[in-house]
Amino acid sequence: MNRKILVAVDGSPHSFSALRYLGELFAGVKEITFHLLCIVPFDDQVIDQEWLADGELIETLSDATRSRWDHAHRYMAEAILQLARRGVDPEQVVSDVRLRRVGTAADIIQEARKGTYDAVLIGRRGLSKLAAMFMGSISEELLGGCHDLPVWMVDGQVHSNKILVPIDGTVHSLRAVDHLSFIFRNNPHVEITLFHSSALLASHGQSPREDFHGLWGRDWCELHLSDDHSVFHAPEQLLLEANIPANRIHRLHTRRGIHPSRQILRQAIVDGFGTIVMGRRGRDAKRGLLQGSVSEPVLLMAEGIAVWVVG
């Protein structure tokens, strides 16, 4: 079951940090491919030339744009070497440089939608408190435009392969675990901790059982969502069915905490997690634990951590 990840890069240090993150997580993993996509901006006035291919269009543009185009191609060659040095076979990597057509985020989203990817990854700079209020237009647009596709955001240098997954008994958190189990299927080295707070569950409640049937089937749900420990049991079962060793799956249960996002981040920092995997509801769903009101503050405050948002 080959997995396919779209990686948005721009030649900056935070893009190299994202590549380092991929190398640390997926070195030696064969059934995964990475499509590196660089969108080159240009300020030239272009009229009635949308039909031109990038190779033809570049010949009509300014020296500055052509310089950025050449730099992007050099960066792509270096990016493939960087991944190879970290154990990712160059045959698993595809690189693509394109001129910006609609907008950087819009062009990435367009490729994500037509390319049948399993996730979109983007690296971002460590944000100041002021910049964090806005998070950056490209990151914000990707999150807003990819509700049906997981978005992985890598903030700065990530130094741990440990993964924290907040769970709350909802279909949204179980979908996040399902995505995680697919990405790391047959991986004996990944270390995953399922994090649950009784205080958070008490305030929001679980999803109706019928919400799960369309994704995992009635029989599976009746078997794994029926006991008193199903908050942990069902996520663990998904991971075990993906051949992730039981001794690499951990439970963490707490009854403390007030604000969900702060509780999740505090746990990630205290125990040295490098990745947080969160589910979120659709645009029109009622607010609850793992959706915009929680995942967005986690994204804003996370430093040196990768956050996966699974819609």
# chains A, B, ... in the order shown; residues from 1 in each chain; ligands from 1

call {"tool": "select_by_dssp", "arguments": {"residues": "stretch 21-167 of chain A", "states": "strand (DSSP E or B)", "output": "MDAnalysis selection string"}}
result
chainID A and resid 32:40 93:99 119:124 151:155 162:166

call {"tool": "residues_around", "arguments": {"residues": "A:Ala112", "least_positions_apart": "6", "cutoff": "12 Å", "atoms": "only C-alpha atoms", "output": "mmCIF file with C-alpha atoms, in the first residue's frame"}}
result
data_model
loop_
_atom_site.group_PDB
_atom_site.id
_atom_site.type_symbol
_atom_site.label_atom_id
_atom_site.label_comp_id
_atom_site.auth_asym_id
_atom_site.auth_seq_id
_atom_site.Cartn_x
_atom_site.Cartn_y
_atom_site.Cartn_z
ATOM 1 C CA LYS A 4 2.088 9.493 -1.401
ATOM 2 C CA ILE A 5 2.999 12.774 0.311
ATOM 3 C CA LEU A 6 3.002 16.216 -1.316
ATOM 4 C CA VAL A 7 5.824 18.315 0.160
ATOM 5 C CA ALA A 8 5.652 22.063 -0.435
ATOM 6 C CA HIS A 35 6.484 14.748 -4.398
ATOM 7 C CA LEU A 36 8.512 17.903 -3.781
ATOM 8 C CA LEU A 37 6.691 20.916 -5.198
ATOM 9 C CA ALA A 105 -1.256 28.176 -1.500
ATOM 10 C CA ALA A 106 -3.943 27.876 -4.187
ATOM 11 C CA ASP A 118 -2.409 11.055 1.351
ATOM 12 C CA ALA A 119 -1.147 14.252 3.002
ATOM 13 C CA VAL A 120 0.372 17.675 2.333
ATOM 14 C CA LEU A 121 3.473 18.739 4.264
ATOM 15 C CA LEU A 142 -3.618 25.397 3.216
ATOM 16 C CA GLY A 145 -8.518 24.756 1.748
ATOM 17 C CA CYS A 146 -7.611 21.176 2.717
ATOM 18 C CA HIS A 147 -10.314 20.150 5.175
ATOM 19 C CA ASP A 148 -10.607 16.769 3.467
ATOM 20 C CA LEU A 149 -6.843 16.144 3.235
ATOM 21 C CA PRO A 150 -4.394 15.828 6.149
ATOM 22 C CA VAL A 151 -1.995 18.760 6.480
#

call {"tool": "closest_residue", "arguments": {"among": "A:Ser62, A:Thr275, A:Ser95, A:Asn2", "to": "A:Thr33", "atoms": "only C-alpha atoms"}}
result
A:Asn2

call {"tool": "residues_around", "arguments": {"residues": "A:Ala268", "least_positions_apart": "4", "cutoff": "10 Å", "atoms": "only C-alpha atoms", "output": "ChimeraX atom specification"}}
result
/A:162-165,195,262-264,272-276,302,305

call {"tool": "atom_distance", "arguments": {"atom1": "atom CA of A:Ile32", "atom2": "atom CA of A:His14"}}
result
22.1 Å

call {"tool": "residues_around", "arguments": {"residues": "A:Leu239", "least_positions_apart": "2", "cutoff": "9 Å", "atoms": "only C-alpha atoms", "output": "ChimeraX atom specification"}}
result
/A:177-178,180-182,184-185,234-237,241-246,249

call {"tool": "select_by_dssp", "arguments": {"residues": "stretch 106-306 of chain A", "states": "alpha helix (DSSP H)", "output": "count of residues only"}}
result
89

call {"tool": "atom_distance", "arguments": {"atom1": "atom CA of A:Cys38", "atom2": "atom CA of A:Phe16"}}
result
12.7 Å

call {"tool": "atom_distance", "arguments": {"atom1": "atom CA of A:Gly311", "atom2": "atom CA of A:Met278"}}
result
8.8 Å
